[in-house]
Each structure stands twice: as C-alpha cells, then as structure tokens.
Amino acid sequence: PSALNALCNRTNWTDGLWLQCHSYSGKDRISVAGGLNNARNRIQTCIRLAIDAGSGLIIPPISTIRDSTNWVTGQTESVCADFYWNMEQLQALLQEECPQLQLRHCGNTTGIDTIIPTVYRHYSESPSQHGVLKALVNTALSGSNISNISRNNPVAVSFGDDLYAFNYSAAGELATVRKDLFKLLNFNQRLLDISATILQSHYLRYGYIGVHFRGEQDWLKEWGTADQQMEYFLKEIREIEATSTRGIRTIYVSCGSQEAIARFRKKFTPFGHTVVDKWSILAENPQLLEEVNAMDFDRQAVVEYPVLLSADYFEGLMMSTMSLLVAYARTMDEEKDFFSTYILTGSRPIPNRERLWDVNKVPAMKGHNSTKLFVLN
C-alpha cells in the first residue's frame, strides 16, 4: 500500500463531517484563488487537511481566471475545478488510495444546514503540524455545541486560507504522502490532448530545450526582468551546447505574450536556435489554434505544462509557481530532493515565507544537468 493509503487506514473518520476549504475568494468567499498553481496547491492541501480532520471534503470553486490578453484582469465569477483539473480521475484514484474520503464538488453544500466558521488564517502564517486541524475542528464543533454528526445530519467546518497550511516536512511526508497527493491531481484531459498534439510536432521530434519565460505585463520586475531572464537563459543554453553531444538547437518557449516571444526569438535566433511556441506550432492546425486562443491565460498555461515536462532540458524561474510545478514534477522521483539539494543551498529563510541568498551567488541559474531555475533575491 502507498503512504497515503496507510495514512487513510489509520485515520479516525467521522461520517457526516465535511471540510469546506477556501481562500475567502469569489462572490460567496468560498472559492480558492491565487493563480493556477497556487489554486492547485490549495486543493492538494485541502485533501491532506480533510484526512487530518477525518472528514469529507467539499472541493472549492476556483476564482483565478485571468484574461489571455490582459493578465492583470481577473474575474470574480468562479468556475468548477474540472475547468482545469481532472476531477473524475481524482475521484477514481481516491477510491483506490483513500476510499474513506468522500468528496463533494464545486462547493456543493446541498443538504448541509450547519456550516461552522473557524479562526481566520492568513496564507503566509506558519503551517500546521499533524493533528492541529483536527483539534481546530473539534474546538469549532464544541463551541457550537454540536455532537450529533452523521450521514443524515451532516455538518461542515469552514477553513481558510489553506495555502501552506500543512507542514509535510514536520510530518515526515515530503517524499511520501505529499508525492502521493501530487499524483492524484492531474490536469483536464482535453487540455492534455491539445498538449499531445503539440508534442507530436516535427519541430520537437529530435529533442528540444523547454523555457518558461515570463515577459507578460503582470510579471514584477524585481522577480527578474525579461532582459535578465533572457541573459541567463542564453548563458545556460550555450553551456548546454558546449557540454552536450546531442546538438539540440530547438527551443520551445512558454509565455503568454506573443510580443515577448518575438523579443525572445530575436535574441536567440542569431545563435543558430530555432525558437517555437504553442502559436507557431498550432498554426499548422487552425482549428486547435482557434480553440487555444479562446482560452483564458491559465488554461493556455496548462496546455504548455506537459511540453515543458517532456523537454530534454528545462529552464524556468524560481519566482514562478508554474516553473516550480514543472521542476517538481520533473524531479520528484529522483533520489535526492531537487530543491533542498540544488536550489535552496546557500540561502536562509526570512519573514513572509521568502529566502535570501548570498549576494555573491545570485542572480544565477541553479539546478542539475537537465532542470534549472533562475534564482535571484
């Protein structure tokens, strides 16, 4: 059995008890937000917290939609999680791994007349240890004089914000339960099917370097300007060329701005590289191109995720949750933990969940031979 299965088997479950996770977002303040991958982390953490509480889980709606031409513009309208992720697969996998955990989808509280709030938590607060949420739920229930909970008399406990709300490291679950949970939540199959079409392109047939480039207008300059990113990406790619015998000359660049990609192409083409992107590849498939162009910013990013995941080499950004997701997925089954071994060395934690590196060591590309991230203070 997996670590997740073993955890679920030793958990004391309360039939009729439900956890309502959220980040106080959306019109009803029961959605999760924060960009695609922060929303993903919140859902994954929700699952772990529900296990800690021995409850069912109400999967929250998502209020993270960003317009594909104006990334700063978000929508207050929430969508169901299956807009981005494969919820049917999640249900099926949980039935195998943790059959005790019941799910409700898209914030559905039908038939639950009692929903009890808990103490507000800011997302940057220190994560909880194992058993903390269980105690918090019990306190909320006793404070409301509720003891009779059953399938016929269900009760929900509301909890937010759950981002970073569980300490996998303290629980000794970084390489076990966290990895099992990560594998449960995969992207919407239609979006992955479009990715598969891109991956079949003749441009990528003989290998490619995947680059996650943030040149869009919502990207903060202190996280690395477009020029900085290109400078360090180019230096790293030239080093790959010098040490590799494969002669890979194709770069797949992932970015939400065609204007920024044009700048990237202008920078890299003189060095003999062929720079391609989702738009240039799908230009050969007008129907799919039209479908992708109609998507929001984050669904377009999902389409690119498997392409970056499958790259022979990957270059990304420490300050981007998309890059972090790709780097984690590429390296999670390696013997050494990628982040503690290659990225966080030489840094120290500072307030607000950030880290500080020796000023003589960053900016720099950090990682191992096939996966690297641009790191700066």
# chains A, B, ... in the order shown; residues from 1 in each chain; ligands from 1

call {"tool": "residues_around", "arguments": {"residues": "Arg42 in chain A", "least_positions_apart": "3", "cutoff": "7 Å", "atoms": "only C-alpha atoms", "output": "number ranges by chain"}}
result
A: 38-39, 45-46, 162-163

call {"tool": "write_last_selection", "arguments": {"atoms": "N, CA and C atoms", "output": "PDB file, in the first residue's frame"}}
result
ATOM      1  N   ASN A  38      -1.122  28.131  -7.404  1.00  0.00           N
ATOM      2  CA  ASN A  38      -1.475  28.332  -6.001  1.00  0.00           C
ATOM      3  C   ASN A  38      -2.848  27.721  -5.720  1.00  0.00           C
ATOM      4  N   ALA A  39      -3.765  27.847  -6.681  1.00  0.00           N
ATOM      5  CA  ALA A  39      -5.076  27.208  -6.528  1.00  0.00           C
ATOM      6  C   ALA A  39      -4.917  25.692  -6.442  1.00  0.00           C
ATOM      7  N   THR A  45      -3.634  20.686  -0.621  1.00  0.00           N
ATOM      8  CA  THR A  45      -3.560  20.840   0.831  1.00  0.00           C
ATOM      9  C   THR A  45      -4.909  20.550   1.478  1.00  0.00           C
ATOM     10  N   CYS A  46      -6.005  20.949   0.809  1.00  0.00           N
ATOM     11  CA  CYS A  46      -7.361  20.645   1.310  1.00  0.00           C
ATOM     12  C   CYS A  46      -7.525  19.151   1.544  1.00  0.00           C
ATOM     13  N   ASP A 162      -6.048  28.037   3.241  1.00  0.00           N
ATOM     14  CA  ASP A 162      -5.317  26.796   3.474  1.00  0.00           C
ATOM     15  C   ASP A 162      -3.995  26.701   2.719  1.00  0.00           C
ATOM     16  N   LEU A 163      -3.601  27.748   1.973  1.00  0.00           N
ATOM     17  CA  LEU A 163      -2.307  27.699   1.290  1.00  0.00           C
ATOM     18  C   LEU A 163      -1.186  27.595   2.327  1.00  0.00           C
TER      19      LEU A 163
END

call {"tool": "select_by_dssp", "arguments": {"residues": "range 26-257 of chain A", "states": "strand (DSSP E or B)", "output": "ChimeraX atom specification"}}
result
/A:31-32,56-58,62,66,74,79,85,103-104,114-117,128,150,153,155-159,166,187,209-212,250-254

call {"tool": "closest_residue", "arguments": {"among": "A:Ile116, A:Phe166, A:Phe159, A:Glu290", "to": "Val132 in chain A", "atoms": "only C-alpha atoms"}}
result
A:Phe166

call {"tool": "closest_residue", "arguments": {"among": "A:Ile58, A:Ile198, A:Ile51, A:Val302", "to": "Glu284 in chain A", "atoms": "only C-alpha atoms"}}
result
A:Ile198

call {"tool": "residues_around", "arguments": {"residues": "His212 in chain A", "least_positions_apart": "5", "cutoff": "9 Å", "atoms": "only C-alpha atoms", "output": "PyMOL selection string"}}
result
chain A and resi 252-255+308+314-317+320+322-323

call {"tool": "select_by_dssp", "arguments": {"residues": "range 118-221 of chain A", "states": "alpha helix (DSSP H)", "output": "VMD selection string"}}
result
chain A and resid 132 to 143 177 to 184 189 to 199

call {"tool": "write_last_selection", "arguments": {"atoms": "N, CA and C atoms", "output": "compact mmCIF listing (two decimals), in the first residue's frame"}}
result
# COMPACT_ATOMS: atom_id res chain seq x y z
N VAL A 132 -3.30 19.35 14.19
CA VAL A 132 -3.73 20.70 14.55
C VAL A 132 -5.12 21.01 14.00
N LEU A 133 -5.35 20.64 12.73
CA LEU A 133 -6.66 20.94 12.16
C LEU A 133 -7.75 20.12 12.84
N LYS A 134 -7.42 18.88 13.17
CA LYS A 134 -8.39 18.03 13.89
C LYS A 134 -8.82 18.72 15.20
N ALA A 135 -7.83 19.27 15.91
CA ALA A 135 -8.14 19.97 17.16
C ALA A 135 -8.95 21.23 16.90
N LEU A 136 -8.62 21.94 15.81
CA LEU A 136 -9.34 23.16 15.46
C LEU A 136 -10.81 22.84 15.14
N VAL A 137 -11.02 21.75 14.40
CA VAL A 137 -12.38 21.32 14.05
C VAL A 137 -13.15 20.94 15.32
N ASN A 138 -12.50 20.19 16.22
CA ASN A 138 -13.17 19.78 17.45
C ASN A 138 -13.55 20.98 18.31
N THR A 139 -12.65 21.99 18.34
CA THR A 139 -12.94 23.21 19.10
C THR A 139 -14.14 23.95 18.51
N ALA A 140 -14.17 24.02 17.15
CA ALA A 140 -15.29 24.70 16.48
C ALA A 140 -16.60 23.97 16.75
N LEU A 141 -16.56 22.65 16.73
CA LEU A 141 -17.78 21.87 16.97
C LEU A 141 -18.26 22.01 18.41
N SER A 142 -17.34 21.93 19.37
CA SER A 142 -17.75 22.03 20.78
C SER A 142 -18.22 23.44 21.11
N GLY A 143 -17.59 24.46 20.44
CA GLY A 143 -18.01 25.84 20.66
C GLY A 143 -19.41 26.10 20.16
N VAL A 177 3.68 10.97 1.44
CA VAL A 177 2.28 11.37 1.30
C VAL A 177 2.14 12.55 0.34
N ARG A 178 3.04 13.54 0.46
CA ARG A 178 2.92 14.70 -0.43
C ARG A 178 3.03 14.27 -1.89
N LYS A 179 3.94 13.36 -2.17
CA LYS A 179 4.11 12.88 -3.54
C LYS A 179 2.87 12.11 -4.01
N ASP A 180 2.31 11.30 -3.12
CA ASP A 180 1.09 10.56 -3.47
C ASP A 180 -0.06 11.52 -3.77
N LEU A 181 -0.19 12.57 -2.96
CA LEU A 181 -1.26 13.56 -3.18
C LEU A 181 -1.04 14.30 -4.49
N PHE A 182 0.20 14.65 -4.79
CA PHE A 182 0.51 15.36 -6.03
C PHE A 182 0.05 14.57 -7.25
N LYS A 183 0.24 13.26 -7.20
CA LYS A 183 -0.10 12.41 -8.35
C LYS A 183 -1.60 12.23 -8.53
N LEU A 184 -2.39 12.60 -7.52
CA LEU A 184 -3.85 12.47 -7.64
C LEU A 184 -4.45 13.52 -8.55
N GLN A 189 -8.35 16.61 -19.12
CA GLN A 189 -7.88 15.74 -20.20
C GLN A 189 -7.92 16.42 -21.56
N ARG A 190 -8.90 17.27 -21.80
CA ARG A 190 -8.97 17.95 -23.09
C ARG A 190 -7.75 18.83 -23.30
N LEU A 191 -7.32 19.51 -22.24
CA LEU A 191 -6.13 20.36 -22.34
C LEU A 191 -4.88 19.52 -22.58
N LEU A 192 -4.82 18.34 -21.94
CA LEU A 192 -3.68 17.45 -22.15
C LEU A 192 -3.67 16.87 -23.56
N ASP A 193 -4.85 16.66 -24.14
CA ASP A 193 -4.92 16.16 -25.52
C ASP A 193 -4.34 17.19 -26.49
N ILE A 194 -4.58 18.47 -26.24
CA ILE A 194 -4.00 19.51 -27.09
C ILE A 194 -2.49 19.52 -26.92
N SER A 195 -2.01 19.33 -25.69
CA SER A 195 -0.57 19.23 -25.44
C SER A 195 0.04 18.10 -26.25
N ALA A 196 -0.67 16.97 -26.29
CA ALA A 196 -0.15 15.81 -27.03
C ALA A 196 0.03 16.14 -28.51
N THR A 197 -0.88 16.95 -29.06
CA THR A 197 -0.74 17.38 -30.46
C THR A 197 0.51 18.23 -30.64
N ILE A 198 0.77 19.14 -29.71
CA ILE A 198 1.98 19.96 -29.79
C ILE A 198 3.22 19.08 -29.71
N LEU A 199 3.20 18.10 -28.81
CA LEU A 199 4.36 17.24 -28.62
C LEU A 199 4.66 16.38 -29.85

call {"tool": "residues_around", "arguments": {"residues": "Trp357 in chain A", "least_positions_apart": "5", "cutoff": "12 Å", "atoms": "only C-alpha atoms", "output": "MDAnalysis selection string"}}
result
chainID A and resid 343:350 362:364 366 375:377

call {"tool": "atom_distance", "arguments": {"atom1": "CA of Asp113 in chain A", "atom2": "CA of Cys21 in chain A"}}
result
16.8 Å

call {"tool": "closest_residue", "arguments": {"among": "A:Gly256, A:Pro270, A:Pro99, A:Gly26", "to": "Thr11 in chain A", "atoms": "only C-alpha atoms"}}
result
A:Pro99

call {"tool": "atom_distance", "arguments": {"atom1": "CA of Ser310 in chain A", "atom2": "CA of Asn37 in chain A"}}
result
18.6 Å

call {"tool": "closest_residue", "arguments": {"among": "A:Ser150, A:Ser31, A:Ser2, A:Thr176", "to": "Asp333 in chain A", "atoms": "only C-alpha atoms"}}
result
A:Thr176

call {"tool": "closest_residue", "arguments": {"among": "A:Ser25, A:Gln129, A:Gln102, A:Thr110", "to": "Ser78 in chain A", "atoms": "only C-alpha atoms"}}
result
A:Ser25

call {"tool": "closest_residue", "arguments": {"among": "A:Gly56, A:Glu77, A:Phe83, A:Asp337", "to": "Ile30 in chain A", "atoms": "only C-alpha atoms"}}
result
A:Glu77

call {"tool": "atom_distance", "arguments": {"atom1": "CA of Val276 in chain A", "atom2": "CA of Ala301 in chain A"}}
result
15.3 Å

call {"tool": "residues_around", "arguments": {"residues": "Ile59 in chain A", "least_positions_apart": "2", "cutoff": "6 Å", "atoms": "only C-alpha atoms", "output": "ChimeraX atom specification"}}
result
/A:57,104-107
